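Q: Dropping the structure in here first, questions after.
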Amino acid sequence: MFSWITGSSSIGGLPYAVDTSSDDRDNDKSYSPPPWVPFTSTKGVSTKPSSQDDLTKLGPMQNGVQSNKCTIFRADKSSLTPAALAMALNHFHNASRLLHPNLLKVLAVKDTKKESRNEGELIIVTERCTPLPMYLAELPPSGSAPTAAYAVHSVLSSLSFLNASGQCHGNVTPDAVHVTESGVAKLFDYYVTCPFDERSGPTDLFRSHERAVASAFRSP
């Protein structure tokens, strides 16, 4: 099913590559994230399927079966405005450190030019996922309501974890929720996520960029 890409074709030197197999769902162009979002995403696969050890390190579990499928998020630092770059770097930093069953599982991260703030590419590899708006659009009407209810429960569980950890997500929108291949809705998109103090509130980064979040979902 997959066309394996190895060696120099890997993503940023990581053992992952774009999945070149034909999949109508993967190639669906009907969904577009908010225009300010600095990362683009593609379906991917791990490029080391030679042994179970490799797969254990590189692929997430899907219903007890090891999977080599993933999603690759990429952002070119040099093409971003200062505001978008600040949010992209914040998302990149938080994606590599926040762990919870209802947060999207990150398999690998890489800044291809870590020594430079404005050059290189930010790469985040996660378990295979689909944005919630696209996922719901593909469901029959009879299946949308219970799926949406389960997604809300999952997101609330992730927010409970973040709040207990002293973190404010700040960008809880349908676009920030991604559904895995096993049908679990998970929160991601940490563009304005920051520590929250009850006395002083969120950090300056949140205050500076919260207007990027759609007004219907913006924190009061």
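We label chains A, B, ... in the order they appear in the structure tokens, count residues from 1 in each chain, and number ligands from 1 in the order shown.
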Determine which residues of stretch 89-195 of chain A receive a DSSP assignment of alpha helix (DSSP H), computed from the backbone, and state them as a VMD selection string.
A: chain A and resid 89 to 95 132 to 137 141 to 164
Q: Near A:Gln167, within 6 Å and counting only C-alpha atoms, which residues show up once chain neighbours fewer than 2 positions away are dropped, as a list in words?
A: Leu162, Asn163, Ser165, Cys194, Pro195 and Phe196 of chain A
Q: Would you write out those residues with N, CA and C atoms, as a JSON list (two decimals), in the first residue's frame?
A:
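File written: part-v5.json
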[["chain", "number", "residue", "atom", "x", "y", "z"],
["A", 162, "LEU", "N", -4.31, 19.91, 31.28],
["A", 162, "LEU", "CA", -3.53, 21.14, 31.10],
["A", 162, "LEU", "C", -3.77, 22.12, 32.25],
["A", 163, "ASN", "N", -5.01, 22.28, 32.64],
["A", 163, "ASN", "CA", -5.32, 23.20, 33.72],
["A", 163, "ASN", "C", -4.69, 22.74, 35.04],
["A", 165, "SER", "N", -2.04, 21.20, 35.27],
["A", 165, "SER", "CA", -0.60, 21.41, 35.12],
["A", 165, "SER", "C", -0.23, 22.89, 35.08],
["A", 194, "CYS", "N", 0.33, 28.53, 27.17],
["A", 194, "CYS", "CA", 1.31, 29.14, 28.06],
["A", 194, "CYS", "C", 0.98, 28.83, 29.51],
["A", 195, "PRO", "N", 1.94, 29.03, 30.43],
["A", 195, "PRO", "CA", 1.65, 28.88, 31.85],
["A", 195, "PRO", "C", 0.61, 29.92, 32.28],
["A", 196, "PHE", "N", -0.20, 29.55, 33.26],
["A", 196, "PHE", "CA", -1.25, 30.45, 33.74],
["A", 196, "PHE", "C", -1.16, 30.57, 35.25]]
Q: Tell me which of A:Pro140, A:Leu205, A:Phe188, A:Glu127 sits closest to A:Ser154, counting only C-alpha atoms.
A: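 Under the stated criterion, the closest residue is A:Phe188.
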Q: Which is closer to A:Ser208 than all the others in A:Leu136, A:Val179, A:Leu85, A:Val192, using only C-alpha atoms?
A: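 Looking at the shortest contact to A:Ser208, the residue is A:Val192.
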Q: So how many Å separate atom CA of A:Tyr191 and atom CA of A:Asp175, to one decimal?
A: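 If I compute the distance from atom CA of A:Tyr191 to atom CA of A:Asp175, I get 12.1 Å.
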Q: Considering only C-alpha atoms, can you say which of A:Ala137, A:Val37, A:Leu99, A:Val45 comes closest to A:Asp19?
A: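 Of A:Ala137, A:Val37, A:Leu99, A:Val45, the one nearest A:Asp19, counting only C-alpha atoms, is A:Val45.
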Q: Which residue gives the smallest distance to A:Ala212 among A:Leu104, A:Leu156, A:Met87, A:Ala151, with only C-alpha atoms counted?
A: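 Closest to A:Ala212 of all the choices is A:Met87.
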Q: Measuring between only C-alpha atoms, which one of A:Lys69, A:His100, A:Lys186, A:Arg211 shows the shortest distance to A:Phe161?
A: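 Result for the nearest residue to A:Phe161: A:His100.
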Q: If I take atom CA of A:Thr40 and atom CA of A:His209, how far is one from the other in Å, to one decimal?
A: 19.4 Å
Q: Do a neighbour search on A:Glu181 at 9 Å with only C-alpha atoms, toss out local chain neighbours closer than 6 positions, and write the hits as an mmCIF file with C-alpha atoms, in the first residue's frame.
A:
data_model
loop_
_atom_site.group_PDB
_atom_site.id
_atom_site.type_symbol
_atom_site.label_atom_id
_atom_site.label_comp_id
_atom_site.auth_asym_id
_atom_site.auth_seq_id
_atom_site.Cartn_x
_atom_site.Cartn_y
_atom_site.Cartn_z
ATOM 1 C CA GLN A 62 -3.384 1.253 16.545
ATOM 2 C CA GLU A 127 0.284 9.762 14.941
ATOM 3 C CA ARG A 128 -1.894 9.670 11.793
ATOM 4 C CA CYS A 129 -4.773 12.098 12.190
ATOM 5 C CA THR A 130 -7.480 14.095 10.416
#
